[in-house]
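S.K.: Sharing query-v8.csv (CSV, C-alpha atoms) below.
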```csv
chain,number,residue,atom,x,y,z
A,15,MET,CA,30.8,208.2,-26.4
A,16,ASN,CA,32.0,211.2,-28.1
A,17,VAL,CA,33.5,213.6,-25.6
A,18,ALA,CA,35.9,215.3,-28.0
A,19,PRO,CA,35.9,219.0,-28.3
A,20,GLY,CA,33.6,219.9,-31.2
A,21,SER,CA,31.0,217.5,-29.9
A,22,GLY,CA,29.1,220.7,-29.1
A,23,SER,CA,27.7,220.4,-32.6
A,24,ASN,CA,26.0,217.2,-31.3
A,25,ARG,CA,22.4,218.1,-30.7
A,26,LEU,CA,22.2,215.7,-27.7
A,27,VAL,CA,25.1,217.5,-25.9
A,28,VAL,CA,23.5,220.9,-26.5
A,29,ALA,CA,20.1,219.7,-25.4
A,30,SER,CA,21.4,218.1,-22.2
A,31,PHE,CA,23.2,221.4,-21.4
A,32,VAL,CA,20.0,223.3,-21.9
A,33,LEU,CA,18.4,221.0,-19.4
A,34,VAL,CA,21.2,221.5,-16.9
A,35,PHE,CA,20.9,225.2,-17.4
A,36,VAL,CA,17.2,225.3,-16.8
A,37,VAL,CA,17.3,223.1,-13.7
A,38,ALA,CA,20.3,225.1,-12.3
A,39,THR,CA,18.4,228.3,-12.9
A,40,VAL,CA,15.2,227.1,-11.2
A,41,THR,CA,17.2,225.8,-8.2
A,42,PHE,CA,19.1,229.1,-8.0
A,43,GLY,CA,15.9,231.2,-8.2
A,44,TYR,CA,14.3,229.3,-5.4
A,45,THR,CA,17.5,229.5,-3.2
A,46,TRP,CA,18.1,233.2,-4.0
A,47,GLN,CA,14.5,234.0,-3.0
A,48,GLY,CA,15.1,232.1,0.2
A,49,GLN,CA,18.3,234.1,0.9
A,50,MET,CA,16.4,237.3,0.2
A,51,ALA,CA,13.7,236.2,2.8
A,52,PHE,CA,16.3,235.0,5.3
A,53,ILE,CA,18.2,238.3,5.3
A,54,GLN,CA,14.9,239.9,6.3
A,55,ARG,CA,14.3,237.4,9.2
A,56,ASP,CA,14.5,240.2,11.8
A,57,ASP,CA,11.2,241.5,10.4
A,58,VAL,CA,9.4,238.4,11.7
A,59,THR,CA,7.8,239.5,15.0
A,60,ALA,CA,6.0,237.8,17.8
A,61,THR,CA,3.8,239.9,20.1
A,62,ALA,CA,1.9,238.7,23.1
A,63,THR,CA,-1.7,239.9,22.8
A,64,SER,CA,-3.3,238.4,25.9
A,65,ALA,CA,-2.8,236.3,29.0
A,66,GLU,CA,-5.9,234.9,30.7
A,67,VAL,CA,-6.3,232.7,33.8
A,68,THR,CA,-8.2,229.8,32.4
A,69,SER,CA,-8.2,227.4,35.3
A,70,LEU,CA,-7.3,228.1,38.9
A,71,ASP,CA,-7.5,224.4,39.8
A,72,ASP,CA,-4.7,223.5,37.4
A,73,GLY,CA,-3.1,226.9,37.6
A,74,THR,CA,-3.1,227.4,33.9
A,75,VAL,CA,-2.8,230.7,32.1
A,76,THR,CA,-3.6,230.9,28.3
A,77,VAL,CA,-1.2,233.2,26.5
A,78,ARG,CA,-1.9,234.3,22.9
A,79,ILE,CA,1.0,235.3,20.7
A,80,ARG,CA,0.5,236.9,17.3
A,81,VAL,CA,3.3,236.0,14.9
A,82,HIS,CA,3.7,238.2,11.9
A,83,ASN,CA,5.9,237.1,8.9
A,84,PRO,CA,6.3,239.9,6.3
A,85,THR,CA,9.0,237.9,4.4
A,86,SER,CA,8.5,236.1,1.1
A,87,LYS,CA,8.9,232.6,2.6
A,88,PRO,CA,6.6,230.8,5.1
A,89,VAL,CA,8.1,230.0,8.5
A,90,ARG,CA,7.2,227.1,10.8
A,91,ILE,CA,7.1,227.5,14.6
A,92,LEU,CA,9.0,224.6,16.1
A,93,GLY,CA,8.8,225.4,19.8
A,94,GLY,CA,10.0,228.0,22.3
A,95,SER,CA,10.0,229.1,25.8
A,96,ILE,CA,7.5,231.7,27.1
A,97,PHE,CA,7.6,233.4,30.5
A,98,GLY,CA,5.2,235.8,32.1
A,99,ARG,CA,6.7,238.3,34.5
A,100,LEU,CA,5.5,240.5,37.3
A,101,ASP,CA,8.0,243.0,38.5
A,102,GLY,CA,10.8,241.1,36.8
A,103,GLU,CA,9.9,237.8,38.5
A,104,ASP,CA,8.8,234.8,36.6
A,105,VAL,CA,5.2,234.0,37.5
A,106,ILE,CA,4.2,231.7,34.7
A,107,ARG,CA,6.0,229.6,32.1
A,108,GLU,CA,5.0,227.4,29.2
A,109,GLY,CA,3.9,223.9,29.8
A,110,THR,CA,5.6,220.9,28.2
A,111,GLY,CA,4.9,220.8,24.5
A,112,ALA,CA,2.7,223.8,24.9
A,113,VAL,CA,4.0,225.8,21.9
A,114,PRO,CA,2.0,224.6,18.9
A,115,ASP,CA,3.5,223.6,15.6
A,116,GLU,CA,2.1,226.3,13.4
A,117,ARG,CA,2.9,227.5,9.9
A,118,VAL,CA,2.9,231.2,9.3
A,119,PRO,CA,2.5,231.9,5.6
A,120,ALA,CA,4.6,234.4,3.6
A,121,GLY,CA,3.3,237.9,4.3
A,122,GLY,CA,0.8,236.6,6.8
A,123,SER,CA,0.1,236.4,10.5
A,124,ARG,CA,-1.0,233.6,12.8
A,125,THR,CA,-2.1,233.8,16.5
A,126,ILE,CA,-0.9,230.8,18.5
A,127,THR,CA,-2.2,229.8,21.9
A,128,VAL,CA,0.3,228.7,24.5
A,129,GLU,CA,-0.9,227.0,27.7
A,130,CYS,CA,1.2,228.2,30.6
A,131,THR,CA,1.3,227.2,34.2
A,132,PHE,CA,2.1,229.2,37.4
A,133,VAL,CA,5.7,228.7,38.4
A,134,ASP,CA,4.5,228.7,42.0
A,135,ARG,CA,1.9,225.8,42.2
A,136,ASP,CA,-0.1,227.7,44.7
A,137,PRO,CA,-0.1,231.3,43.7
A,138,ASP,CA,-1.4,234.0,46.1
A,139,GLN,CA,-4.5,235.9,45.4
A,140,GLU,CA,-2.7,239.2,44.7
A,141,THR,CA,-0.7,237.5,41.9
A,142,ILE,CA,-3.8,236.0,40.3
A,143,ASP,CA,-5.6,239.4,40.5
A,144,ARG,CA,-2.7,241.1,38.8
A,145,VAL,CA,-2.6,238.5,36.0
A,146,ARG,CA,-6.3,239.0,35.6
A,147,ASN,CA,-5.7,242.7,35.4
A,148,GLY,CA,-3.3,242.2,32.5
A,149,ASP,CA,-0.2,243.3,34.4
A,150,LEU,CA,1.7,240.3,33.2
A,151,ARG,CA,4.7,241.0,31.0
A,152,VAL,CA,5.0,238.1,28.5
A,153,VAL,CA,8.5,237.5,27.1
A,154,GLY,CA,10.3,234.6,25.5
A,155,LEU,CA,11.8,233.1,22.4
A,156,LEU,CA,10.2,231.2,19.6
A,157,SER,CA,12.3,228.8,17.6
A,158,VAL,CA,11.2,229.0,13.9
A,159,ARG,CA,12.4,227.4,10.6
A,160,MET,CA,12.5,229.0,7.2
A,161,VAL,CA,12.9,226.3,4.5
A,162,ASP,CA,15.6,224.4,6.4
A,163,LYS,CA,17.2,227.2,8.3
A,164,ARG,CA,16.5,227.9,11.9
A,165,PHE,CA,16.4,231.1,13.8
A,166,ASP,CA,14.8,232.6,17.0
A,167,VAL,CA,12.2,235.2,17.2
A,168,GLU,CA,11.9,237.2,20.4
A,169,VAL,CA,8.5,237.5,21.9
A,170,SER,CA,7.7,241.1,22.9
A,171,PRO,CA,5.1,242.1,25.4
B,16,MET,CA,28.5,240.4,-44.8
B,17,SER,CA,30.8,238.5,-47.2
B,18,ASP,CA,31.4,239.0,-50.8
B,19,VAL,CA,29.5,235.9,-51.7
B,20,ASP,CA,26.3,237.2,-50.0
B,21,ASP,CA,26.5,240.5,-51.9
B,22,SER,CA,27.1,238.8,-55.2
B,23,PRO,CA,24.1,239.1,-57.5
B,24,THR,CA,25.3,236.3,-59.8
B,25,VAL,CA,24.6,233.6,-57.2
B,26,VAL,CA,21.0,232.6,-57.5
B,27,ASP,CA,20.7,229.2,-55.8
B,28,ARG,CA,22.7,229.7,-52.6
B,29,SER,CA,23.8,226.7,-50.7
B,30,PRO,CA,23.4,226.9,-46.9
B,31,GLU,CA,27.1,227.1,-46.5
B,32,LEU,CA,27.5,230.1,-48.8
B,33,SER,CA,24.5,232.0,-47.5
B,34,MET,CA,25.7,231.6,-43.9
B,35,THR,CA,26.0,235.1,-42.4
B,36,ALA,CA,29.0,236.3,-40.5
B,37,PHE,CA,27.0,235.9,-37.3
B,38,LYS,CA,26.2,232.3,-37.9
B,39,ARG,CA,29.8,231.5,-38.9
B,40,SER,CA,31.0,233.1,-35.7
B,41,PHE,CA,28.5,231.1,-33.7
B,42,ARG,CA,29.8,227.9,-35.3
B,43,THR,CA,33.5,228.3,-34.7
B,44,GLY,CA,34.4,231.9,-33.8
B,45,TRP,CA,34.4,234.3,-30.9
B,46,LEU,CA,30.6,234.3,-30.5
B,47,ARG,CA,30.7,230.6,-29.9
B,48,ILE,CA,33.5,231.0,-27.3
B,49,LEU,CA,31.8,233.8,-25.5
B,50,SER,CA,28.3,232.2,-25.4
B,51,VAL,CA,29.7,228.9,-24.2
B,52,GLY,CA,31.9,230.7,-21.6
B,53,ILE,CA,29.0,232.9,-20.4
B,54,ALA,CA,26.4,230.1,-20.3
B,55,THR,CA,28.6,227.6,-18.4
B,56,GLY,CA,30.0,230.3,-16.1
B,57,VAL,CA,26.5,231.4,-15.1
B,58,VAL,CA,25.5,227.8,-14.3
B,59,GLY,CA,28.7,227.4,-12.3
B,60,GLY,CA,28.2,230.6,-10.3
B,61,MET,CA,24.5,229.8,-9.6
B,62,GLY,CA,25.3,226.3,-8.6
B,63,THR,CA,28.0,227.4,-6.2
B,64,PHE,CA,25.5,229.8,-4.5
B,65,SER,CA,22.8,227.1,-4.3
B,66,TYR,CA,25.3,224.7,-2.8
B,67,THR,CA,26.6,227.2,-0.2
B,68,ARG,CA,23.0,228.1,0.8
B,69,VAL,CA,21.7,224.5,0.5
B,70,ASP,CA,19.5,225.0,3.6
B,71,LEU,CA,17.4,227.4,1.6
B,72,SER,CA,17.4,225.3,-1.6
B,73,PRO,CA,14.6,223.0,-2.6
B,74,PHE,CA,16.8,219.9,-2.1
B,75,ASP,CA,17.6,217.9,1.0
B,76,ALA,CA,20.7,216.4,-0.8
B,77,ALA,CA,23.4,218.9,-0.1
B,78,TRP,CA,25.7,217.7,-2.9
B,79,LEU,CA,23.1,218.1,-5.7
B,80,PRO,CA,23.9,221.7,-6.7
B,81,LEU,CA,27.6,220.6,-6.8
B,82,VAL,CA,26.7,218.5,-9.8
B,83,PHE,CA,25.7,221.6,-11.7
B,84,VAL,CA,29.0,223.2,-11.0
B,85,GLY,CA,31.0,220.2,-12.1
B,86,LEU,CA,28.8,219.8,-15.2
B,87,ALA,CA,29.3,223.4,-16.1
B,88,GLY,CA,33.0,222.9,-16.1
B,89,ALA,CA,32.7,219.8,-18.3
B,90,TYR,CA,30.3,221.4,-20.7
B,91,THR,CA,32.8,224.3,-21.3
B,92,HIS,CA,35.0,221.7,-23.0
B,93,LEU,CA,32.2,219.7,-24.6
B,94,LEU,CA,30.4,222.7,-26.2
B,95,ALA,CA,33.6,224.4,-27.5
B,96,ALA,CA,34.5,224.0,-31.2
B,97,ASP,CA,38.1,222.8,-30.4
B,98,MET,CA,40.6,222.5,-27.6
B,99,ARG,CA,42.0,226.0,-27.9
B,100,SER,CA,38.6,227.8,-28.0
B,101,GLY,CA,37.6,225.5,-25.1
B,102,THR,CA,40.4,226.8,-22.9
B,103,ILE,CA,39.4,230.4,-23.8
B,104,ALA,CA,35.8,229.6,-23.0
B,105,MET,CA,36.9,228.1,-19.7
B,106,ILE,CA,38.7,231.3,-18.7
B,107,VAL,CA,35.6,233.4,-19.8
B,108,GLY,CA,33.4,231.0,-17.9
B,109,PHE,CA,35.5,231.1,-14.8
B,110,VAL,CA,35.4,234.9,-14.6
B,111,VAL,CA,31.7,235.1,-15.5
B,112,GLY,CA,30.9,232.4,-12.8
B,113,GLY,CA,32.8,234.3,-10.2
B,114,LEU,CA,30.9,237.5,-11.0
B,115,THR,CA,27.6,235.7,-11.0
B,116,ASN,CA,28.3,234.3,-7.6
B,117,VAL,CA,29.3,237.7,-6.2
B,118,ALA,CA,26.2,239.2,-7.7
B,119,ALA,CA,24.0,236.5,-6.2
B,120,TRP,CA,25.3,237.2,-2.7
B,121,THR,CA,25.3,241.0,-2.8
B,122,SER,CA,22.2,241.7,-4.9
B,123,PRO,CA,19.7,241.3,-1.9
B,124,ILE,CA,21.7,244.0,0.0
B,125,PHE,CA,21.2,246.4,-2.9
B,126,LEU,CA,17.5,245.4,-3.4
B,127,LEU,CA,16.6,245.8,0.3
B,128,SER,CA,16.6,249.3,1.7
B,129,TYR,CA,19.8,249.2,3.7
B,130,SER,CA,21.7,252.4,4.2
B,131,GLY,CA,24.9,253.8,5.6
B,132,VAL,CA,27.1,251.7,7.8
B,133,GLY,CA,24.6,248.9,8.0
B,134,ARG,CA,24.7,248.4,4.3
B,135,ASP,CA,28.5,248.4,4.2
B,136,LEU,CA,28.6,245.8,7.0
B,137,ALA,CA,26.0,243.6,5.3
B,138,LEU,CA,27.8,243.9,2.0
B,139,MET,CA,31.2,242.9,3.6
B,140,ALA,CA,29.5,239.9,5.2
B,141,GLN,CA,28.0,238.8,1.9
B,142,LEU,CA,31.3,239.3,0.0
B,143,GLN,CA,33.1,237.2,2.6
B,144,GLN,CA,30.6,234.4,2.1
B,145,SER,CA,30.9,234.8,-1.7
B,146,LEU,CA,34.7,234.7,-1.5
B,147,ILE,CA,34.8,231.6,0.7
B,148,SER,CA,32.3,229.7,-1.6
B,149,LEU,CA,34.4,230.7,-4.7
B,150,LEU,CA,37.6,229.4,-3.2
B,151,MET,CA,36.3,226.3,-1.5
B,152,VAL,CA,33.7,225.2,-4.0
B,153,TYR,CA,33.8,226.9,-7.3
B,154,LEU,CA,37.6,226.8,-7.9
B,155,LEU,CA,37.8,223.1,-7.2
B,156,ILE,CA,34.6,221.8,-8.7
B,157,TYR,CA,34.3,224.0,-11.8
B,158,LEU,CA,38.0,223.4,-12.8
B,159,GLY,CA,37.7,219.8,-11.7
B,160,GLY,CA,34.8,219.3,-14.1
B,161,TYR,CA,36.7,221.0,-16.9
B,162,PHE,CA,39.9,219.1,-16.4
B,163,ALA,CA,38.1,215.8,-16.1
B,164,ALA,CA,36.4,216.4,-19.4
B,165,VAL,CA,39.7,217.4,-21.1
B,166,THR,CA,41.5,214.4,-19.6
B,167,ILE,CA,38.9,211.9,-20.6
B,168,SER,CA,38.4,213.2,-24.1
B,169,GLY,CA,42.2,213.3,-24.5
B,170,ALA,CA,42.6,209.8,-23.4
B,171,PHE,CA,40.0,208.5,-25.8
B,172,SER,CA,41.0,210.7,-28.8
```
Would you write the structure of this file as structure tokens?

M.R.:
Amino acid sequence: MNVAPGSGSNRLVVASFVLVFVVATVTFGYTWQGQMAFIQRDDVTATATSAEVTSLDDGTVTVRIRVHNPTSKPVRILGGSIFGRLDGEDVIREGTGAVPDERVPAGGSRTITVECTFVDRDPDQETIDRVRNGDLRVVGLLSVRMVDKRFDVEVSP
Amino acid sequence: MSDVDDSPTVVDRSPELSMTAFKRSFRTGWLRILSVGIATGVVGGMGTFSYTRVDLSPFDAAWLPLVFVGLAGAYTHLLAADMRSGTIAMIVGFVVGGLTNVAAWTSPIFLLSYSGVGRDLALMAQLQQSLISLLMVYLLIYLGGYFAAVTISGAFS
């Protein structure tokens, strides 16, 4: 193997360097684009759009959350915790495994459906009526992933 | 242009004689040193960024971008015309790689519409990341690749 200086005149050495250069540039381009999107992660928003009482027997409330991702990389929703509050008191929260695994494309939006249950197994009629009226303030955190980096998105009512 | 090129008496020019100053410089002179230094430095700087931000890179293998950095150092020696021009190319490459890395970290801040104190804070945070990756990764791996190539080629010369 010729590794002496001047072996740069060797076409194979030059060709292999060109290959390294191209692969390194492509890798860098992808990573840099990811960094660009990751810096803008605060622009990813989650807004609760509706909360409906779906079953009184099971005490379930279906919450819809619209996730908007204006960045240049898709994000995947991994999980999260969702609460519905009346006068600052938790009335509903998400059921086990209720936050669906959903991919939100770059520059796009997705609406996810989260099945929640009443914290109090036997809610009084006034609470149910207020939830039906749309008085519920839905808050929480969604755990999302961009490429392999995780961050949280706050759910706003 | 050399005297030979301007001479009207030479009809059948050999490739060696008709070589322009540009080509000759590219073979052994400053142009060769600068292009080798810039090209390997850019690969080293890009590789260091991709390694530090591996969670956003297309690879699961964290060490893979490190290979580019080490190879960039080694190619500085391999592509240089001789030992002395190799050392100069390494110095050029080291500086160029450092600047490439700083540019990679800070460019999103300039491209995104940050302003005022927010921009200064973001810029400082990126510069800090850049400096750490230069000291912990680039310094060791780029120079390590270069010195490995020098040592091996010296031992077998």

S.K.: Define the interface residues of chain A facing chain B as those within 12 Å, counting only C-alpha atoms, and report them as a ChimeraX atom specification.

M.R.: /A:15-54,85,87-89,159-164

S.K.: So how far away is CA of Asn116 in chain B from CA of Ile156 in chain B, in Å?

M.R.: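 If I compute the distance from CA of Ile156 in chain B to CA of Asn116 in chain B, I get 14.0 Å.
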
S.K.: What's the 8 Å shell around Glu168 in chain A, counting all atoms listed in the file, without same-chain residues fewer than 5 positions away, as a PyMOL selection string?

M.R.: chain A and resi 59-60+153-156

S.K.: Please save C-alpha atoms of the selected residues as a PDB file, in the frame of the given file.

M.R.:
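File again_8.pdb, as written:
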```
ATOM      1  CA  THR A  59       7.800 239.500  15.000  1.00  0.00           C
ATOM      2  CA  ALA A  60       6.000 237.800  17.800  1.00  0.00           C
ATOM      3  CA  VAL A 153       8.500 237.500  27.100  1.00  0.00           C
ATOM      4  CA  GLY A 154      10.300 234.600  25.500  1.00  0.00           C
ATOM      5  CA  LEU A 155      11.800 233.100  22.400  1.00  0.00           C
ATOM      6  CA  LEU A 156      10.200 231.200  19.600  1.00  0.00           C
TER       7      LEU A 156
END
```

S.K.: One decimal, in Å: what's the spacing between CA of Arg99 in chain A and CA of Pro114 in chain A?

M.R.: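 Here the two named atoms are 21.3 Å from each other.
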
S.K.: Restricting the calculation to all atoms listed in the file: of B:Arg47, B:Phe109, B:Leu79, B:Gly52, which residue gets closest to Leu154 in chain B?

M.R.: B:Phe109

S.K.: One number please: CA of Phe97 in chain A to CA of Pro119 in chain A, in Å, one decimal.

M.R.: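 Separation between CA of Phe97 in chain A and CA of Pro119 in chain A: 25.5 Å.
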
S.K.: So, with all atoms listed in the file as the atoms that count, which of A:Thr68, A:Ser86, A:Thr76, A:Ser157 lies closest to Thr127 in chain A?

M.R.: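 Checking each candidate against Thr127 in chain A, we get A:Thr76 as the closest.
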
S.K.: When distances are computed from only C-alpha atoms, which of A:Ile126, A:Asp71, A:Asp149, A:Val81 shows the smallest separation from Val58 in chain A?

M.R.: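 Closest candidate: A:Val81.
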